[in-house]
>>> print(open('upload.cif').read())   # mmCIF, C-alpha atoms
data_final
#
loop_
_atom_site.label_atom_id
_atom_site.label_comp_id
_atom_site.auth_asym_id
_atom_site.auth_seq_id
_atom_site.Cartn_x
_atom_site.Cartn_y
_atom_site.Cartn_z
CA MET A 118 -93.32 -51.28 -20.64
CA LYS A 119 -96.05 -50.91 -23.26
CA LEU A 120 -98.66 -50.83 -20.48
CA GLY A 121 -96.72 -48.06 -18.73
CA ILE A 122 -96.54 -45.96 -21.91
CA GLY A 123 -100.24 -46.52 -22.57
CA LEU A 124 -101.20 -45.38 -19.08
CA ALA A 125 -98.98 -42.32 -19.44
CA VAL A 126 -100.68 -41.44 -22.72
CA VAL A 127 -104.15 -41.83 -21.20
CA ALA A 128 -103.13 -39.68 -18.23
CA ALA A 129 -101.66 -37.02 -20.53
CA PHE A 130 -104.82 -36.99 -22.63
CA LEU A 131 -107.05 -36.61 -19.55
CA VAL A 132 -104.87 -33.77 -18.30
CA TRP A 133 -105.11 -32.10 -21.71
CA ILE A 134 -108.92 -32.40 -21.68
CA ALA A 135 -109.01 -30.82 -18.22
CA ILE A 136 -106.77 -27.97 -19.39
CA VAL A 137 -108.94 -27.34 -22.47
CA LEU A 138 -112.15 -27.33 -20.46
CA LEU A 139 -110.67 -25.06 -17.80
CA GLY A 140 -109.32 -22.72 -20.47
CA ALA A 141 -112.71 -22.63 -22.23
CA ARG A 142 -114.54 -21.83 -18.99
CA GLU A 143 -112.01 -19.14 -18.08
CA GLY A 144 -111.95 -17.68 -21.61
CA TRP A 145 -108.18 -18.01 -22.06
CA VAL A 146 -108.37 -17.50 -25.84
CA ARG A 147 -111.47 -15.28 -25.86
CA SER A 148 -111.26 -11.52 -26.32
CA MET A 149 -113.48 -9.13 -24.37
CA PRO A 150 -116.12 -7.28 -26.42
CA ALA A 151 -115.30 -4.07 -24.50
CA SER A 152 -113.18 -2.86 -21.61
CA LYS A 153 -114.39 -4.05 -18.21
CA GLY A 154 -117.22 -1.80 -17.02
CA ASP A 155 -117.52 0.07 -20.34
CA THR A 156 -121.26 -0.33 -20.89
CA ALA A 157 -121.30 2.10 -23.81
CA GLY A 158 -118.49 0.17 -25.48
CA PHE A 159 -120.32 -3.12 -25.00
CA VAL A 160 -123.55 -1.77 -26.52
CA SER A 161 -121.58 -0.31 -29.45
CA TRP A 162 -119.99 -3.73 -30.04
CA ALA A 163 -123.43 -5.41 -29.90
CA MET A 164 -124.97 -2.90 -32.30
CA ASN A 165 -122.12 -3.48 -34.76
CA ARG A 166 -122.75 -7.21 -34.63
CA ASN A 167 -126.44 -6.65 -35.26
CA ALA A 168 -125.74 -4.31 -38.18
CA ASN A 169 -123.44 -6.88 -39.78
CA GLU A 170 -125.44 -10.04 -39.09
CA SER A 171 -129.17 -9.26 -38.97
CA LYS A 172 -131.85 -7.76 -41.20
CA GLY A 173 -134.52 -7.62 -38.53
CA ASN A 174 -135.43 -5.74 -35.36
CA PHE A 175 -133.12 -5.38 -32.39
CA ALA A 176 -133.34 -3.95 -28.87
CA ILE A 177 -130.72 -4.02 -26.13
CA VAL A 178 -130.59 -2.69 -22.56
CA LEU A 179 -127.72 -2.89 -20.08
CA LEU A 180 -128.36 -2.41 -16.36
CA ARG A 181 -125.79 -1.25 -13.82
CA ASN A 182 -126.56 -1.37 -10.09
CA GLY A 183 -130.21 -2.00 -10.89
CA GLN A 184 -130.59 1.00 -13.18
CA VAL A 185 -130.53 1.38 -16.96
CA ALA A 186 -126.99 2.28 -18.02
CA GLU A 187 -127.32 2.01 -21.80
CA SER A 188 -129.98 1.14 -24.38
CA ALA A 189 -130.10 1.03 -28.16
CA PHE A 190 -132.55 0.01 -30.88
CA SER A 191 -132.44 -0.85 -34.56
CA SER A 192 -135.16 -1.66 -37.09
CA HIS A 193 -135.55 -2.54 -40.75
CA GLY A 194 -139.19 -1.50 -40.92
CA GLN A 195 -141.40 0.16 -38.36
CA THR A 196 -139.43 1.94 -35.67
CA VAL A 197 -138.52 -0.12 -32.60
CA ASP A 198 -138.24 1.50 -29.16
CA ALA A 199 -138.34 0.59 -25.46
CA ASN A 200 -142.09 -0.09 -25.62
CA SER A 201 -142.03 -2.32 -28.71
CA LEU A 202 -143.37 -5.79 -27.95
CA PHE A 203 -141.33 -8.81 -29.01
CA GLN A 204 -142.43 -12.43 -28.78
CA VAL A 205 -139.69 -13.84 -26.56
CA GLY A 206 -139.94 -17.64 -26.82
CA SER A 207 -138.70 -19.66 -23.86
CA LEU A 208 -137.80 -16.54 -21.91
CA SER A 209 -141.51 -16.85 -21.06
CA LYS A 210 -140.66 -19.72 -18.71
CA TRP A 211 -138.93 -17.41 -16.22
CA LEU A 212 -142.14 -15.39 -15.85
CA THR A 213 -144.26 -18.53 -15.70
CA ALA A 214 -142.09 -19.77 -12.84
CA TRP A 215 -142.97 -16.58 -10.95
CA GLY A 216 -146.64 -17.44 -11.43
CA VAL A 217 -146.10 -20.93 -10.04
CA MET A 218 -144.09 -19.62 -7.09
CA SER A 219 -146.81 -17.08 -6.30
CA LEU A 220 -149.22 -19.98 -5.82
CA ALA A 221 -146.65 -21.66 -3.57
CA GLU A 222 -146.33 -18.50 -1.47
CA GLN A 223 -150.12 -18.43 -1.12
CA ARG A 224 -149.88 -22.06 0.06
CA ARG A 225 -152.20 -23.15 -2.71
CA ILE A 226 -149.61 -25.64 -3.95
CA ASP A 227 -146.72 -27.59 -2.43
CA LEU A 228 -143.59 -27.58 -4.56
CA ASP A 229 -142.69 -31.10 -3.47
CA ALA A 230 -146.13 -32.60 -4.00
CA PRO A 231 -146.91 -34.70 -7.06
CA VAL A 232 -148.22 -32.37 -9.75
CA SER A 233 -151.04 -34.86 -10.31
CA ARG A 234 -152.56 -33.63 -7.03
CA TYR A 235 -153.53 -30.41 -8.80
CA LEU A 236 -154.63 -31.70 -12.21
CA SER A 237 -158.02 -32.98 -13.33
CA ARG A 238 -158.21 -32.09 -17.05
CA TRP A 239 -155.19 -34.22 -18.04
CA ARG A 240 -152.99 -36.94 -16.53
CA LEU A 241 -149.49 -38.12 -17.33
CA PRO A 242 -149.71 -41.35 -19.35
CA PRO A 243 -148.62 -44.59 -17.62
CA SER A 244 -144.90 -45.27 -17.63
CA GLU A 245 -142.37 -47.67 -16.15
CA PHE A 246 -141.51 -44.98 -13.59
CA ASP A 247 -143.57 -43.60 -10.74
CA ASN A 248 -145.50 -40.61 -12.07
CA GLU A 249 -146.09 -39.48 -8.50
CA ASP A 250 -142.41 -38.52 -8.37
CA VAL A 251 -143.13 -35.78 -10.90
CA THR A 252 -143.30 -32.82 -8.53
CA VAL A 253 -143.84 -29.13 -9.17
CA ARG A 254 -140.25 -28.39 -8.12
CA ARG A 255 -138.87 -30.93 -10.59
CA LEU A 256 -140.98 -29.55 -13.42
CA LEU A 257 -139.65 -26.06 -12.72
CA SER A 258 -136.05 -27.31 -12.86
CA HIS A 259 -136.42 -29.71 -15.83
CA SER A 260 -135.57 -32.68 -13.62
CA ALA A 261 -138.93 -34.48 -13.62
CA GLY A 262 -137.87 -37.24 -16.02
CA LEU A 263 -139.96 -35.93 -18.93
CA THR A 264 -138.42 -36.86 -22.28
CA ASP A 265 -140.52 -34.83 -24.72
CA GLY A 266 -137.69 -32.39 -25.44
CA LEU A 267 -140.26 -29.82 -26.64
CA GLY A 268 -139.74 -27.22 -28.42
CA PHE A 269 -143.07 -25.88 -29.73
CA ALA A 270 -143.15 -24.49 -33.27
CA GLY A 271 -146.49 -22.69 -32.95
CA PHE A 272 -149.44 -22.26 -35.31
CA ALA A 273 -149.83 -19.87 -38.24
CA THR A 274 -152.86 -17.63 -38.71
CA GLY A 275 -155.86 -19.70 -39.70
CA GLU A 276 -154.63 -22.91 -38.06
CA LYS A 277 -156.73 -24.28 -35.23
CA ILE A 278 -154.93 -23.93 -31.92
CA PRO A 279 -155.43 -27.11 -29.86
CA SER A 280 -156.41 -27.28 -26.21
CA ILE A 281 -153.83 -27.82 -23.48
CA LYS A 282 -155.05 -31.40 -23.09
CA GLU A 283 -154.67 -32.09 -26.81
CA GLU A 284 -151.23 -30.49 -26.91
CA LEU A 285 -149.99 -32.47 -23.91
CA THR A 286 -151.31 -35.71 -25.39
CA MET A 287 -149.68 -35.11 -28.79
CA ALA A 288 -148.19 -31.74 -29.66
CA ARG A 289 -149.13 -30.97 -33.27
CA ASP A 290 -146.46 -28.27 -33.43
CA ALA A 291 -143.57 -30.26 -31.98
CA VAL A 292 -140.23 -29.14 -33.38
CA PRO A 293 -138.76 -31.69 -35.83
CA GLY A 294 -137.17 -34.70 -34.18
CA ARG A 295 -139.39 -34.63 -31.09
CA SER A 296 -142.10 -37.15 -30.35
CA GLY A 297 -144.62 -34.56 -29.25
CA VAL A 298 -145.75 -36.78 -26.37
CA THR A 299 -145.33 -35.45 -22.84
CA ARG A 300 -144.54 -38.47 -20.70
CA VAL A 301 -142.13 -39.75 -18.05
CA GLY A 302 -139.35 -41.55 -19.87
CA ALA A 303 -136.63 -41.42 -17.19
CA ALA A 304 -136.48 -41.64 -13.42
CA PRO A 305 -137.71 -38.33 -11.98
CA GLY A 306 -135.13 -36.45 -9.95
CA THR A 307 -132.08 -38.06 -11.53
CA ASN A 308 -130.95 -35.92 -14.46
CA TRP A 309 -131.62 -32.58 -16.13
CA ARG A 310 -133.66 -32.86 -19.34
CA TYR A 311 -135.11 -29.79 -20.99
CA SER A 312 -138.89 -30.14 -21.31
CA GLY A 313 -141.25 -27.64 -22.84
CA GLY A 314 -143.99 -30.14 -22.03
CA GLY A 315 -143.20 -29.70 -18.35
CA TYR A 316 -143.97 -25.99 -18.58
CA LEU A 317 -147.19 -26.71 -20.43
CA ILE A 318 -148.12 -28.87 -17.43
CA LEU A 319 -147.28 -25.91 -15.17
CA GLN A 320 -149.51 -23.68 -17.30
CA LEU A 321 -152.32 -26.19 -16.75
CA LEU A 322 -151.54 -26.27 -13.02
CA ILE A 323 -151.89 -22.47 -12.79
CA GLU A 324 -155.26 -22.64 -14.54
CA GLU A 325 -156.56 -25.52 -12.42
CA VAL A 326 -155.47 -24.12 -9.07
CA SER A 327 -156.43 -20.50 -9.75
CA GLN A 328 -159.58 -21.38 -11.72
CA GLU A 329 -158.63 -18.61 -14.12
CA PRO A 330 -157.25 -18.57 -17.67
CA PHE A 331 -153.47 -18.58 -17.60
CA ASN A 332 -153.00 -15.12 -19.08
CA GLU A 333 -155.52 -13.56 -16.70
CA TYR A 334 -153.81 -15.03 -13.65
CA MET A 335 -150.37 -14.02 -14.86
CA LYS A 336 -151.49 -10.47 -15.57
CA LYS A 337 -153.23 -10.08 -12.23
CA SER A 338 -150.63 -11.79 -10.07
CA VAL A 339 -147.29 -11.07 -11.79
CA LEU A 340 -147.27 -8.67 -14.74
CA LEU A 341 -149.40 -5.78 -13.48
CA PRO A 342 -148.01 -5.79 -9.91
CA LEU A 343 -144.54 -5.47 -11.47
CA ARG A 344 -145.87 -2.62 -13.69
CA MET A 345 -145.24 -4.67 -16.83
CA THR A 346 -148.32 -3.01 -18.27
CA HIS A 347 -147.76 -3.83 -21.96
CA SER A 348 -146.76 -7.47 -21.49
CA THR A 349 -149.13 -10.32 -22.24
CA PHE A 350 -149.10 -13.99 -23.24
CA ILE A 351 -151.92 -13.50 -25.79
CA ASP A 352 -153.27 -10.78 -28.08
CA PRO A 353 -150.47 -8.20 -28.01
CA ASP A 354 -151.32 -4.62 -28.87
CA PRO A 355 -150.80 -4.41 -32.66
CA ALA A 356 -149.71 -0.78 -32.34
CA HIS A 357 -146.69 -1.83 -30.27
CA LEU A 358 -145.90 -5.24 -31.78
CA ALA A 359 -142.45 -5.41 -33.41
CA GLU A 360 -142.50 -6.81 -36.92
CA PHE A 361 -141.37 -10.40 -37.44
CA TYR A 362 -138.44 -11.01 -39.78
CA ALA A 363 -136.76 -14.10 -41.21
CA ARG A 364 -132.99 -14.48 -41.53
CA ASP A 365 -133.03 -13.14 -45.11
CA GLY A 366 -134.78 -9.94 -44.08
CA THR A 367 -138.22 -10.86 -45.42
CA LYS A 368 -141.34 -10.46 -43.32
CA ALA A 369 -142.00 -13.64 -41.33
CA THR A 370 -145.05 -15.46 -40.01
CA HIS A 371 -146.32 -14.60 -36.56
CA TYR A 372 -146.88 -17.97 -34.89
CA LYS A 373 -149.22 -18.43 -31.95
CA PHE A 374 -149.22 -21.09 -29.26
CA THR A 375 -151.17 -23.34 -26.98
CA ALA A 376 -148.04 -23.47 -24.80
CA LEU A 377 -148.33 -19.88 -23.62
CA GLY A 378 -146.23 -20.31 -20.50
CA ALA A 379 -143.47 -22.10 -22.39
CA GLY A 380 -143.03 -19.72 -25.29
CA SER A 381 -145.65 -17.04 -25.94
CA LEU A 382 -144.83 -14.02 -23.77
CA TYR A 383 -144.88 -10.68 -25.58
CA THR A 384 -142.83 -8.09 -23.75
CA SER A 385 -140.69 -5.01 -24.26
CA THR A 386 -137.30 -3.94 -23.01
CA ALA A 387 -139.08 -1.39 -20.79
CA ASP A 388 -141.18 -4.10 -19.15
CA MET A 389 -138.33 -6.62 -18.95
CA THR A 390 -136.22 -3.93 -17.28
CA LYS A 391 -138.85 -3.77 -14.53
CA PHE A 392 -138.75 -7.54 -14.23
CA LEU A 393 -134.97 -7.60 -13.81
CA GLN A 394 -135.12 -4.69 -11.39
CA ALA A 395 -137.63 -6.70 -9.33
CA GLN A 396 -134.85 -9.22 -8.68
CA TYR A 397 -132.90 -6.55 -6.77
CA PRO A 398 -133.48 -4.08 -3.91
CA GLY A 399 -135.08 -0.90 -5.19
CA PRO A 400 -135.14 2.73 -4.09
CA ASN A 401 -136.79 3.76 -0.83
CA GLY A 402 -136.42 0.31 0.71
CA LEU A 403 -138.24 -1.64 -2.00
CA LEU A 404 -137.56 -5.34 -1.45
CA PRO A 405 -136.60 -7.83 -4.15
CA GLY A 406 -139.76 -9.48 -5.46
CA ARG A 407 -141.68 -6.20 -5.19
CA GLY A 408 -144.43 -7.90 -3.19
CA VAL A 409 -145.17 -10.49 -5.87
CA LEU A 410 -142.63 -12.89 -4.38
CA SER A 411 -140.65 -12.66 -1.16
CA PRO A 412 -136.86 -12.23 -1.09
CA ALA A 413 -136.67 -15.70 0.47
CA THR A 414 -138.53 -17.22 -2.47
CA LEU A 415 -136.22 -15.49 -4.95
CA LYS A 416 -133.24 -16.90 -3.07
CA THR A 417 -134.76 -20.39 -3.29
CA MET A 418 -135.32 -20.02 -7.04
CA ARG A 419 -131.63 -19.16 -7.55
CA GLN A 420 -130.31 -22.20 -5.73
CA PRO A 421 -129.07 -25.10 -7.90
CA GLN A 422 -131.80 -27.66 -8.48
CA SER A 423 -130.47 -29.72 -11.40
CA PHE A 424 -127.00 -30.48 -12.65
CA VAL A 425 -125.04 -31.60 -15.72
CA ALA A 426 -121.73 -33.45 -16.04
CA PHE A 427 -119.35 -33.42 -13.07
CA GLY A 428 -122.11 -32.05 -10.84
CA ILE A 429 -122.06 -28.59 -12.43
CA PRO A 430 -125.25 -26.70 -11.53
CA ILE A 431 -127.24 -25.56 -14.55
CA TRP A 432 -130.78 -24.76 -13.42
CA GLY A 433 -132.62 -23.25 -10.51
CA LEU A 434 -136.40 -22.94 -10.39
CA GLY A 435 -137.45 -21.46 -13.71
CA GLN A 436 -134.08 -19.92 -14.50
CA ILE A 437 -130.72 -20.85 -15.96
CA LEU A 438 -127.60 -20.54 -13.79
CA TYR A 439 -125.26 -19.18 -16.44
CA ALA A 440 -122.03 -18.71 -14.50
CA PRO A 441 -120.76 -18.11 -10.94
CA ASN A 442 -120.70 -14.41 -10.09
CA GLY A 443 -117.84 -14.65 -7.59
CA SER A 444 -120.01 -14.21 -4.52
CA GLY A 445 -121.42 -17.69 -4.06
CA THR A 446 -124.40 -17.15 -6.36
CA TYR A 447 -124.92 -17.07 -10.12
CA VAL A 448 -125.80 -14.91 -13.06
CA ILE A 449 -129.41 -15.96 -13.64
CA GLY A 450 -131.91 -15.61 -16.46
CA HIS A 451 -133.31 -17.31 -19.53
CA ASP A 452 -132.99 -17.31 -23.32
CA GLY A 453 -135.71 -17.85 -25.87
CA ASP A 454 -136.23 -18.55 -29.54
CA ASN A 455 -139.22 -19.10 -31.80
CA ARG A 456 -139.30 -19.77 -35.51
CA PRO A 457 -138.30 -18.62 -37.96
CA ALA A 458 -135.69 -16.28 -36.45
CA ILE A 459 -136.68 -14.94 -33.03
CA ASN A 460 -134.02 -14.95 -30.34
CA THR A 461 -133.98 -13.28 -26.91
CA THR A 462 -132.08 -13.24 -23.65
CA ALA A 463 -132.39 -11.63 -20.23
CA ARG A 464 -129.57 -12.15 -17.71
CA PHE A 465 -129.02 -10.63 -14.30
CA ASP A 466 -126.51 -10.68 -11.48
CA PRO A 467 -128.56 -10.46 -8.26
CA LYS A 468 -125.43 -9.53 -6.31
CA THR A 469 -124.49 -6.41 -8.29
CA GLY A 470 -127.74 -5.44 -10.00
CA ASP A 471 -126.06 -5.64 -13.41
CA GLY A 472 -127.94 -7.20 -16.29
CA ILE A 473 -128.64 -7.40 -19.99
CA ILE A 474 -131.78 -7.68 -22.13
CA VAL A 475 -131.61 -8.44 -25.86
CA LEU A 476 -134.80 -8.89 -27.89
CA GLU A 477 -134.49 -9.46 -31.63
CA THR A 478 -136.02 -10.91 -34.77
CA GLY A 479 -134.11 -11.76 -37.91
CA HIS A 480 -131.37 -13.98 -36.46
CA GLU A 481 -131.71 -17.38 -34.77
CA THR A 482 -128.89 -17.02 -32.22
CA LEU A 483 -127.65 -13.42 -32.08
CA ALA A 484 -129.29 -12.48 -28.75
CA SER A 485 -127.95 -15.63 -27.06
CA GLU A 486 -124.47 -15.04 -28.45
CA ILE A 487 -124.46 -11.44 -27.19
CA GLY A 488 -125.83 -12.61 -23.84
CA GLY A 489 -123.02 -15.14 -23.61
CA GLU A 490 -120.42 -12.47 -24.30
CA TRP A 491 -122.00 -10.25 -21.64
CA THR A 492 -121.77 -13.11 -19.12
CA TYR A 493 -118.05 -13.45 -19.83
CA TRP A 494 -117.51 -9.66 -19.89
CA HIS A 495 -119.28 -9.30 -16.53
CA THR A 496 -117.98 -12.35 -14.63
CA GLY A 497 -114.79 -13.41 -16.39
CA LYS A 498 -116.36 -16.88 -16.78
CA VAL A 499 -117.77 -18.29 -20.00
CA GLY A 500 -121.34 -19.44 -19.43
CA LEU A 501 -122.26 -23.09 -19.77
CA ASP A 502 -124.75 -22.17 -22.48
CA THR A 503 -122.00 -20.62 -24.60
CA LEU A 504 -119.65 -23.55 -24.05
CA SER A 505 -122.23 -26.13 -25.03
CA ARG A 506 -124.03 -24.24 -27.80
CA PHE A 507 -121.44 -22.10 -29.51
CA ASP A 508 -117.98 -23.24 -28.41
CA ALA A 509 -118.47 -27.01 -28.47
CA MET A 510 -116.85 -27.57 -31.88
CA GLU A 511 -113.82 -25.45 -31.00
CA ILE A 512 -113.42 -27.30 -27.70
CA LEU A 513 -113.60 -30.67 -29.48
CA ALA A 514 -111.08 -29.45 -32.07
CA PHE A 515 -108.61 -28.43 -29.34
CA ILE A 516 -109.08 -31.77 -27.58
CA GLY A 517 -108.58 -33.63 -30.86
CA LEU A 518 -105.48 -31.60 -31.74
CA GLY A 519 -103.99 -32.34 -28.33
CA GLY A 520 -104.79 -36.01 -28.79
CA LEU A 521 -102.95 -36.07 -32.11
CA VAL A 522 -99.90 -34.39 -30.56
CA ILE A 523 -99.87 -36.88 -27.68
CA LEU A 524 -100.26 -39.80 -30.09
CA THR A 525 -97.44 -38.44 -32.27
CA VAL A 526 -95.16 -38.13 -29.27
CA LEU A 527 -96.03 -41.72 -28.29
CA LEU A 528 -95.13 -43.00 -31.77
CA VAL A 529 -91.83 -41.09 -31.72
CA ILE A 530 -90.94 -42.60 -28.34
CA ILE A 531 -91.80 -46.12 -29.52
CA ARG A 532 -89.72 -45.75 -32.70
CA ARG A 533 -86.71 -44.40 -30.81
CA ARG A 534 -86.84 -47.27 -28.35
CA ARG A 535 -87.02 -49.76 -31.16
CA ALA A 536 -84.07 -48.10 -32.89
CA LEU A 537 -81.99 -48.40 -29.73
CA ARG A 538 -82.56 -52.13 -29.40
#
>>> encode(input="upload.cif", output="structure tokens")
Amino acid sequence: MKLGIGLAVVAAFLVWIAIVLLGAREGWVRSMPASKGDTAGFVSWAMNRNANESKGNFAIVLLRNGQVAESAFSSHGQTVDANSLFQVGSLSKWLTAWGVMSLAEQRRIDLDAPVSRYLSRWRLPPSEFDNEDVTVRRLLSHSAGLTDGLGFAGFATGEKIPSIKEELTMARDAVPGRSGVTRVGAAPGTNWRYSGGGYLILQLLIEEVSQEPFNEYMKKSVLLPLRMTHSTFIDPDPAHLAEFYARDGTKATHYKFTALGAGSLYTSTADMTKFLQAQYPGPNGLLPGRGVLSPATLKTMRQPQSFVAFGIPIWGLGQILYAPNGSGTYVIGHDGDNRPAINTTARFDPKTGDGIIVLETGHETLASEIGGEWTYWHTGKVGLDTLSRFDAMEILAFIGLGGLVILTVLLVIIRRRRALR
């Protein structure tokens, strides 16, 4: 009898967990930031959040059917507009992936070849796993078994910026809690593990294969063909550079990086709008990719490449798969953050041409939070990033509360049965 009650309790608890997770994904207790399709209302909601929570710079653009529907800007110093350059952190990786894929389209690299085939200036250190299983495709999708977990903090003015080789061997600016060593610490191809070191390897690959500095290749092959004329991974135009702010509203340090492809892109909402528009058919028969990449390559990049629990897809090639868009594909994009309080997001639905760009300084998570709300507002699904980063404690609290209720019911049943004996 006790065994039967125990099994029933376990079953009830598992059902409760499933209900909580389903409800979290479907947003059962989440309110919409604006009425469905009300782009002006959404931007007004976002601007109110920025006004109440940040003392920095803020820029937002919403796209509808591939065109700008709404935009707004706010600043606490020099004026910010569509051409203001923000350092965008890991959002850089999405652009870097385009650079890697351009080499693949030129047949200068094979995505499924060991990355070591293309490297001479640095090699992965020996490990208990086969380093030859570290392929370009797996590096792009964070499934190469690298366990660095980087996270680069950058270097202040006056600090010596190390070479790529030095940074891959031991990152001097590793975020706290990370080893700083880029190495294979798990079987390649088995699990998703975020790796900034992997994108530093891809930066090195671009330089070695192209025989050009990373920024020069990216400008020539990606940025300028997409008409992202103000964007750069180094030396942004000071006249257009948005001021850096800390959370308390004070001016903040402008950090620079060895890991350009992982976290050092400077771009504007005007340029990022062109990048998102390049994911979608344009006027007069313009094809997605705009000649930089083919539509077929873009489709490949959006296909699930790595997964989290229960086989849920989380990453394509160079881009996050935030949530299903109801048509068999996903809302795609990337977030970014750099210290002390830079946060950015760019998300796009390649089926509808709808998207969002938020670039800001002065708050560590505001852009990602707004991007998560846009994902829910647009798809009716809460993105995995929001569930894991912002909703995790609430989800655990609901699960725990349900567990207490189930346990209480169990105790009541046991006591009543004892009383009847």
>>> closest_residue(input="upload.cif", among="A:Lys416, A:Gln204, A:Tyr362, A:Gly399", to="Thr462 (chain A)", atoms="only C-alpha atoms")
A:Gln204
>>> closest_residue(input="upload.cif", among="A:Tyr311, A:Phe427, A:Tyr235, A:Phe465", to="Thr446 (chain A)", atoms="all atoms listed in the file")
A:Phe465
>>> closest_residue(input="upload.cif", among="A:Asn442, A:Thr252, A:Ser191, A:Gln422", to="Ser171 (chain A)", atoms="all atoms listed in the file")
A:Ser191
>>> closest_atom_pairs(input="upload.cif", of="region 492-524 of chain A", to="region 432-441 of chain A", cutoff="9 Å", atoms="all atoms listed in the file", output="JSON lines")
{"residue": "A:Thr492", "atom": "CA", "partner": "A:Ala440", "partner_atom": "CA", "distance": 7.3}
{"residue": "A:Tyr493", "atom": "CA", "partner": "A:Ala440", "partner_atom": "CA", "distance": 8.5}
{"residue": "A:Thr496", "atom": "CA", "partner": "A:Pro441", "partner_atom": "CA", "distance": 7.4}
{"residue": "A:Lys498", "atom": "CA", "partner": "A:Ala440", "partner_atom": "CA", "distance": 6.4}
{"residue": "A:Val499", "atom": "CA", "partner": "A:Ala440", "partner_atom": "CA", "distance": 7.0}
{"residue": "A:Gly500", "atom": "CA", "partner": "A:Tyr439", "partner_atom": "CA", "distance": 4.9}
{"residue": "A:Leu501", "atom": "CA", "partner": "A:Tyr439", "partner_atom": "CA", "distance": 5.9}
{"residue": "A:Asp502", "atom": "CA", "partner": "A:Tyr439", "partner_atom": "CA", "distance": 6.8}
{"residue": "A:Thr503", "atom": "CA", "partner": "A:Tyr439", "partner_atom": "CA", "distance": 8.9}
>>> resolve_selection(input="upload.cif", expression="the PyMOL selection byres ((chain A and resi 520) around 12)", output="list in words")
Val126, Val127, Ala128, Ala129, Phe130, Leu131, Val132, Trp133, Ile134, Val137, Leu513, Ala514, Phe515, Ile516, Gly517, Leu518, Gly519, Leu521, Val522, Ile523, Leu524, Thr525, Val526 and Leu527 of chain A
>>> closest_residue(input="upload.cif", among="A:Tyr334, A:Trp162, A:Phe374, A:Trp145", to="Leu317 (chain A)", atoms="all atoms listed in the file")
A:Phe374
>>> resolve_selection(input="upload.cif", expression="the PyMOL selection byres ((chain A and resi 226) around 12)", output="VMD selection string")
chain A and resid 216 to 225 227 to 236 252 to 254 319 322 to 323 325 to 327
>>> resolve_selection(input="upload.cif", expression="the PyMOL selection byres ((chain A and resi 297) around 6)", output="list of chain:residue names")
A:Met287, A:Ala288, A:Ala291, A:Arg295, A:Ser296, A:Val298
>>> write_last_selection(input="upload.cif", atoms="C-alpha atoms", output="short mmCIF file (atom, residue, chain, number, x, y, z; two decimals), in the frame of the given file")
data_model
loop_
_atom_site.label_atom_id
_atom_site.label_comp_id
_atom_site.auth_asym_id
_atom_site.auth_seq_id
_atom_site.Cartn_x
_atom_site.Cartn_y
_atom_site.Cartn_z
CA MET A 287 -149.68 -35.11 -28.79
CA ALA A 288 -148.19 -31.74 -29.66
CA ALA A 291 -143.57 -30.26 -31.98
CA ARG A 295 -139.39 -34.63 -31.09
CA SER A 296 -142.10 -37.15 -30.35
CA VAL A 298 -145.75 -36.78 -26.37
#
>>> atom_distance(input="upload.cif", atom1="CA of Pro305 (chain A)", atom2="CA of Gly428 (chain A)")
16.9 Å
>>> closest_residue(input="upload.cif", among="A:Ala303, A:Val160, A:Leu404, A:Ala376", to="His259 (chain A)", atoms="all atoms listed in the file")
A:Ala303
>>> residues_around(input="upload.cif", residues="Asp155 (chain A)", least_positions_apart="6", cutoff="12 Å", atoms="all atoms listed in the file", output="list of chain:residue names")
A:Met149, A:Ser161, A:Trp162, A:Leu179, A:Leu180, A:Arg181, A:Ala186, A:Glu187, A:Trp491, A:Trp494, A:His495
>>> atom_distance(input="upload.cif", atom1="CA of Trp215 (chain A)", atom2="CA of Thr346 (chain A)")
16.3 Å
>>> residues_around(input="upload.cif", residues="Ala463 (chain A)", least_positions_apart="4", cutoff="6 Å", atoms="only C-alpha atoms", output="PyMOL selection string")
chain A and resi 450-451+473-474
>>> atom_distance(input="upload.cif", atom1="CA of Ser244 (chain A)", atom2="CA of Arg300 (chain A)")
7.5 Å
>>> residues_around(input="upload.cif", residues="Gln184 (chain A)", least_positions_apart="6", cutoff="10 Å", atoms="only C-alpha atoms", output="list in words")
Thr390, Lys391, Leu393, Gln394, Gly399, Gly470, Asp471 and Gly472 of chain A
>>> residues_around(input="upload.cif", residues="region 405-411 of chain A", least_positions_apart="4", cutoff="6 Å", atoms="only C-alpha atoms", output="ChimeraX atom specification")
/A:395-398
>>> write_last_selection(input="upload.cif", atoms="C-alpha atoms", output="PDB file, keeping the file's coordinate frame")
ATOM      1  CA  ALA A 395    -137.630  -6.700  -9.330  1.00  0.00           C
ATOM      2  CA  GLN A 396    -134.850  -9.220  -8.680  1.00  0.00           C
ATOM      3  CA  TYR A 397    -132.900  -6.550  -6.770  1.00  0.00           C
ATOM      4  CA  PRO A 398    -133.480  -4.080  -3.910  1.00  0.00           C
TER       5      PRO A 398
END
>>> closest_residue(input="upload.cif", among="A:Ala214, A:Arg310, A:Val205, A:Leu263", to="Thr414 (chain A)", atoms="only C-alpha atoms")
A:Ala214
